[in-house]
Amino acid sequence: MHGQLPVVWDRAEGFQVFDSWGNCWIDFTSTIFVANAGHGNPRICAALEEVVKKPNLHTYTYGSPERAEYLEYLIENTPENFEKAYLLSAGTEAVEAALKLMRLNGQKAGKKRGGILCFEGNWHGRTLGAQMMGGNASQKDWIGYLDPNLFHLPFPYPWNEHAVADPAAFFEQSLEALCAEQGLSADEDICGIMFETFQGWGAVFYPEEYVQAAQAFAKKHNILIAFDEMQSGFGRTGKLFGYMHYGVMPDLICCGKGASSSLPLSFVLGPASILDLPDIGSMSSTHSANPMVCAAGKANLEALIEDGLIDNAATQGETFQQRLNDLASQVDSHKITISGKGLVAAVIIHTRDGQPASDLCDRVCVLAMQRGLLVVNTGRESIKLAPPLCITEEAMAEGLEVFADAVHDAIAEMA
């Protein structure tokens, strides 16, 4: 791990982080969208203590009460289309599993090729299939080859005039151009579409009409739609899952990060007809579904739903987004764009002549850290903000004030 700010965590509670020397920070990172229910959430800590007391820390493929109870609660509290879950440890594993499931379904349907439509600029993880589905070409240089059946459509950025003017037409025209270039038949060669619910580096969402056009196309041609919900899931956007902002129902969703607000837990959710496709023994993961993570996962979901944390994200999110847009309007020296929903936002900064202000973003992150606020440094022209969903109105206001001062002071320093 390189490039982290020089903060050594000793403990973390709720929305605060402490080191061993008496320093305290307001956390606007949620440890990269993991601690949605808050650091050291009491429900989660209590559930883990019960498992440790037994003790019963690992079961591999054997069942456990914790696994059964978690799966039952998970399925009961997610949309009815999701009948089964395949539990894993890391988000990139879940994406790989979805890739496999989409291709298995395509084979069952008689497709000639295992084509998957992906999007330029998206990110899905660091394992091989996930990285090849991602849209950053430079991140794939090390691989040495690319899967010829993974195809990338242009992302409908809000600064793309054609995408904004008619999102559905932009999807249809982009797809038509890709099929013509690659000689693809939708009925015979494409078996899945992989969305990142919002493009991670900038919290950039698709136009609603764009996603709905993609779903209509998928239904017409027997193609599965999967959403990578790593950053957007578990209340982060003010809804249980981020895809719910688009008015669509995916076939599969890949979840991780905020799935437990603590221990490594990820999964794929989908209908039984798809989750039952793999042969017995053909999909497994050593640490998946162990009692510890299942106990944490259930307690996390209980906290989000029963303790009102998702509702808090929706309510606080309106103020959060408005305050950031107010900040953007106060800056004349740079062009600042705010994107996001609920309690996730990206502050995207360019110079007035359109150049990415990456160095300025780096400096803002350092100043914020020095003044008691942790934010996500993306290493490019954006800064991401994502406090735990338990954050109070007062703490959010304080954090935003610190952030605004850091932006203004960094601009003055670098003028």
# chains A, B, ... in the order shown; residues from 1 in each chain; ligands from 1
>>> select_by_dssp(residues="region 125-247 of chain A", states="strand (DSSP E)", output="list of chain:residue names")
A:Leu150, A:Phe151, A:His152, A:Leu153, A:Ile190, A:Cys191, A:Gly192, A:Ile193, A:Met194, A:Phe195, A:Glu196, A:Phe198, A:Gln199, A:Val204, A:Phe205, A:Leu224, A:Ile225, A:Ala226, A:Phe227, A:Asp228
>>> closest_residue(among="A:Ile253, A:Leu324, A:Ala203, A:Leu88", to="Lys341 (chain A)", atoms="only C-alpha atoms")
A:Ala203
>>> closest_atom_pairs(of="region 89-112 of chain A", to="region 131-149 of chain A", cutoff="10 Å", atoms="only C-alpha atoms", output="JSON lines")
{"residue": "A:Thr92", "atom": "CA", "partner": "A:Gln131", "partner_atom": "CA", "distance": 8.8}
{"residue": "A:Val95", "atom": "CA", "partner": "A:Met133", "partner_atom": "CA", "distance": 9.3}
{"residue": "A:Glu96", "atom": "CA", "partner": "A:Met133", "partner_atom": "CA", "distance": 9.5}
{"residue": "A:Leu99", "atom": "CA", "partner": "A:Met133", "partner_atom": "CA", "distance": 9.1}
>>> closest_residue(among="A:Lys84, A:Arg11, A:Arg352, A:Lys239", to="Val268 (chain A)", atoms="only C-alpha atoms")
A:Lys84
>>> select_by_dssp(residues="region 84-312 of chain A", states="helix (DSSP H, G or I)", output="number ranges by chain")
A: 91-108, 128-133, 137-140, 161-165, 167-182, 186-189, 200-202, 208-220, 242-246, 257-259, 272-275, 291-306, 309-312
>>> residues_around(residues="Val376 (chain A)", least_positions_apart="2", cutoff="8 Å", atoms="only C-alpha atoms", output="compact mmCIF listing (two decimals) with N, CA and C atoms, in the first residue's frame")
# COMPACT_ATOMS: atom_id res chain seq x y z
N PHE A 28 -14.14 11.26 6.94
CA PHE A 28 -14.96 11.40 5.73
C PHE A 28 -14.54 10.36 4.68
N THR A 29 -14.01 9.21 5.15
CA THR A 29 -13.60 8.15 4.21
C THR A 29 -14.37 6.86 4.44
N ILE A 32 -12.60 3.87 3.03
CA ILE A 32 -12.92 3.64 1.62
C ILE A 32 -14.24 2.87 1.46
N CYS A 365 -6.06 17.52 0.56
CA CYS A 365 -6.14 16.34 1.43
C CYS A 365 -5.18 16.43 2.59
N LEU A 374 -10.26 13.50 7.72
CA LEU A 374 -9.72 12.53 6.76
C LEU A 374 -10.65 12.46 5.55
N THR A 378 -7.72 10.56 -4.24
CA THR A 378 -7.79 9.64 -5.37
C THR A 378 -6.51 9.62 -6.19
N ILE A 383 -11.43 14.64 -5.13
CA ILE A 383 -11.35 14.28 -3.72
C ILE A 383 -12.71 13.69 -3.37
N LYS A 384 -12.70 12.52 -2.75
CA LYS A 384 -13.96 11.88 -2.42
C LYS A 384 -14.25 11.99 -0.93
N LEU A 385 -15.52 12.21 -0.64
CA LEU A 385 -15.98 12.40 0.72
C LEU A 385 -17.09 11.40 1.00
>>> closest_residue(among="A:Asn222, A:Thr319, A:Ser262, A:Gln215", to="Asp187 (chain A)", atoms="only C-alpha atoms")
A:Asn222
>>> residues_around(residues="Ala213 (chain A)", least_positions_apart="2", cutoff="10 Å", atoms="only C-alpha atoms", output="VMD selection string")
chain A and resid 167 to 172 208 to 211 215 to 218 248
>>> residues_around(residues="Pro42 (chain A)", least_positions_apart="5", cutoff="10 Å", atoms="only C-alpha atoms", output="PDB file with C-alpha atoms, in the first residue's frame")
ATOM      1  CA  GLU A  13     -15.577   4.861  17.022  1.00  0.00           C
ATOM      2  CA  GLY A  14     -18.615   6.060  15.104  1.00  0.00           C
ATOM      3  CA  ALA A  37     -22.615   1.603   9.965  1.00  0.00           C
ATOM      4  CA  ALA A  47     -22.241  -9.983  17.565  1.00  0.00           C
ATOM      5  CA  LEU A  48     -18.524 -10.652  17.118  1.00  0.00           C
ATOM      6  CA  ALA A 299     -25.504  -7.044  12.629  1.00  0.00           C
ATOM      7  CA  ASN A 300     -24.418  -4.494  10.021  1.00  0.00           C
ATOM      8  CA  ALA A 303     -27.955  -1.425  12.129  1.00  0.00           C
TER       9      ALA A 303
END
>>> residues_around(residues="Ala98 (chain A)", least_positions_apart="5", cutoff="12 Å", atoms="only C-alpha atoms", output="PyMOL selection string")
chain A and resi 85-88+91-93+103-105+116+124+129-130+133+191-195+224-229+250-255+266-270+274-275+277-278+283
>>> write_last_selection(atoms="N, CA and C atoms", output="short mmCIF file (atom, residue, chain, number, x, y, z; two decimals), in the first residue's frame")
data_model
loop_
_atom_site.label_atom_id
_atom_site.label_comp_id
_atom_site.auth_asym_id
_atom_site.auth_seq_id
_atom_site.Cartn_x
_atom_site.Cartn_y
_atom_site.Cartn_z
N ALA A 85 -27.67 -15.97 -2.27
CA ALA A 85 -26.42 -15.22 -2.20
C ALA A 85 -25.25 -16.17 -2.19
N TYR A 86 -24.21 -15.80 -2.88
CA TYR A 86 -22.95 -16.54 -2.88
C TYR A 86 -21.96 -15.68 -2.10
N LEU A 87 -21.53 -16.15 -0.93
CA LEU A 87 -20.70 -15.36 -0.03
C LEU A 87 -19.22 -15.53 -0.34
N LEU A 88 -18.49 -14.41 -0.28
CA LEU A 88 -17.06 -14.39 -0.57
C LEU A 88 -16.36 -13.45 0.40
N GLY A 91 -14.37 -7.83 -2.67
CA GLY A 91 -15.22 -7.33 -3.73
C GLY A 91 -14.81 -7.83 -5.10
N THR A 92 -13.52 -7.90 -5.34
CA THR A 92 -13.07 -8.35 -6.65
C THR A 92 -13.45 -9.81 -6.90
N GLU A 93 -13.53 -10.62 -5.83
CA GLU A 93 -14.01 -12.00 -5.96
C GLU A 93 -15.46 -12.02 -6.43
N ARG A 103 -21.51 -15.69 -17.92
CA ARG A 103 -21.07 -16.54 -19.03
C ARG A 103 -21.70 -17.93 -18.95
N LEU A 104 -21.85 -18.47 -17.76
CA LEU A 104 -22.54 -19.76 -17.63
C LEU A 104 -23.99 -19.65 -18.12
N ASN A 105 -24.62 -18.53 -17.80
CA ASN A 105 -26.00 -18.33 -18.25
C ASN A 105 -26.05 -18.18 -19.77
N ILE A 116 -19.23 -9.68 -22.76
CA ILE A 116 -19.69 -8.84 -21.65
C ILE A 116 -19.46 -7.38 -22.04
N HIS A 124 -13.40 -2.24 -11.30
CA HIS A 124 -14.07 -3.39 -10.70
C HIS A 124 -13.18 -4.24 -9.79
N GLY A 129 -9.89 -10.96 -14.15
CA GLY A 129 -11.13 -10.67 -14.87
C GLY A 129 -11.69 -9.32 -14.52
N ALA A 130 -11.64 -8.96 -13.23
CA ALA A 130 -12.14 -7.67 -12.79
C ALA A 130 -11.36 -6.53 -13.42
N MET A 133 -12.28 -6.16 -17.05
CA MET A 133 -13.58 -5.52 -17.24
C MET A 133 -13.51 -4.03 -16.94
N CYS A 191 -23.67 -11.83 -23.50
CA CYS A 191 -24.41 -12.52 -22.43
C CYS A 191 -24.55 -11.69 -21.17
N GLY A 192 -23.86 -10.54 -21.09
CA GLY A 192 -23.98 -9.75 -19.87
C GLY A 192 -23.55 -8.31 -20.04
N ILE A 193 -24.03 -7.47 -19.13
CA ILE A 193 -23.61 -6.07 -19.02
C ILE A 193 -23.18 -5.84 -17.58
N MET A 194 -21.98 -5.32 -17.39
CA MET A 194 -21.46 -5.05 -16.05
C MET A 194 -21.38 -3.54 -15.82
N PHE A 195 -22.24 -3.04 -14.94
CA PHE A 195 -22.21 -1.64 -14.54
C PHE A 195 -21.43 -1.48 -13.24
N LEU A 224 -27.93 -10.73 -19.27
CA LEU A 224 -28.02 -10.41 -17.85
C LEU A 224 -27.38 -9.05 -17.56
N ILE A 225 -27.96 -8.35 -16.58
CA ILE A 225 -27.38 -7.09 -16.11
C ILE A 225 -26.88 -7.29 -14.69
N ALA A 226 -25.63 -6.90 -14.47
CA ALA A 226 -25.03 -6.96 -13.14
C ALA A 226 -24.57 -5.56 -12.74
N PHE A 227 -24.71 -5.24 -11.46
CA PHE A 227 -24.22 -3.98 -10.91
C PHE A 227 -23.15 -4.27 -9.88
N ASP A 228 -22.02 -3.59 -10.03
CA ASP A 228 -20.95 -3.60 -9.04
C ASP A 228 -21.31 -2.53 -8.00
N GLU A 229 -21.77 -3.00 -6.83
CA GLU A 229 -22.28 -2.12 -5.78
C GLU A 229 -21.27 -1.92 -4.65
N PRO A 250 -31.74 -5.24 -11.58
CA PRO A 250 -30.67 -6.05 -12.15
C PRO A 250 -30.88 -7.54 -11.89
N ASP A 251 -30.18 -8.35 -12.66
CA ASP A 251 -30.20 -9.80 -12.44
C ASP A 251 -29.25 -10.19 -11.32
N LEU A 252 -28.12 -9.50 -11.25
CA LEU A 252 -27.10 -9.79 -10.25
C LEU A 252 -26.58 -8.49 -9.66
N ILE A 253 -26.26 -8.50 -8.38
CA ILE A 253 -25.49 -7.39 -7.81
C ILE A 253 -24.31 -7.95 -7.04
N CYS A 254 -23.19 -7.24 -7.15
CA CYS A 254 -21.95 -7.63 -6.49
C CYS A 254 -21.72 -6.65 -5.34
N CYS A 255 -21.60 -7.16 -4.13
CA CYS A 255 -21.48 -6.30 -2.95
C CYS A 255 -20.22 -6.64 -2.16
N SER A 266 -17.97 -10.20 1.13
CA SER A 266 -18.57 -9.78 -0.15
C SER A 266 -19.52 -10.87 -0.59
N PHE A 267 -20.33 -10.57 -1.59
CA PHE A 267 -21.25 -11.59 -2.09
C PHE A 267 -21.84 -11.16 -3.42
N VAL A 268 -22.42 -12.15 -4.10
CA VAL A 268 -23.25 -11.92 -5.28
C VAL A 268 -24.67 -12.30 -4.91
N LEU A 269 -25.61 -11.42 -5.20
CA LEU A 269 -27.03 -11.70 -5.00
C LEU A 269 -27.70 -11.90 -6.36
N GLY A 270 -28.63 -12.86 -6.43
CA GLY A 270 -29.33 -13.08 -7.69
C GLY A 270 -30.43 -14.11 -7.53
N ILE A 274 -29.99 -18.45 -11.62
CA ILE A 274 -28.63 -18.07 -12.02
C ILE A 274 -27.61 -18.57 -10.99
N LEU A 275 -27.90 -18.37 -9.71
CA LEU A 275 -26.95 -18.78 -8.67
C LEU A 275 -26.76 -20.29 -8.62
N LEU A 277 -26.45 -22.21 -11.26
CA LEU A 277 -25.83 -22.69 -12.50
C LEU A 277 -24.50 -23.43 -12.30
N PRO A 278 -23.62 -23.00 -11.42
CA PRO A 278 -22.33 -23.70 -11.28
C PRO A 278 -22.51 -25.11 -10.73
N MET A 283 -17.35 -23.54 -7.45
CA MET A 283 -17.15 -22.18 -6.94
C MET A 283 -17.04 -22.24 -5.43
#
>>> closest_residue(among="A:Lys108, A:His39, A:Thr59, A:Ala397", to="Gln16 (chain A)", atoms="only C-alpha atoms")
A:His39
>>> residues_around(residues="region 156-160 of chain A", least_positions_apart="3", cutoff="7 Å", atoms="only C-alpha atoms", output="mmCIF file with C-alpha atoms, in the first residue's frame")
data_model
loop_
_atom_site.group_PDB
_atom_site.id
_atom_site.type_symbol
_atom_site.label_atom_id
_atom_site.label_comp_id
_atom_site.auth_asym_id
_atom_site.auth_seq_id
_atom_site.Cartn_x
_atom_site.Cartn_y
_atom_site.Cartn_z
ATOM 1 C CA ALA A 163 -24.971 11.791 -23.587
ATOM 2 C CA VAL A 164 -26.768 14.620 -21.809
ATOM 3 C CA TYR A 206 -25.268 7.437 -15.319
#
>>> closest_residue(among="A:Ala214, A:Ala410, A:Ala289, A:Ala94", to="Pro65 (chain A)", atoms="only C-alpha atoms")
A:Ala289
>>> atom_distance(atom1="CA of Gln322 (chain A)", atom2="CA of Gly342 (chain A)")
10.7 Å
>>> closest_residue(among="A:Ala314, A:Ala404, A:Ile280, A:Val366", to="Ser329 (chain A)", atoms="only C-alpha atoms")
A:Ala404
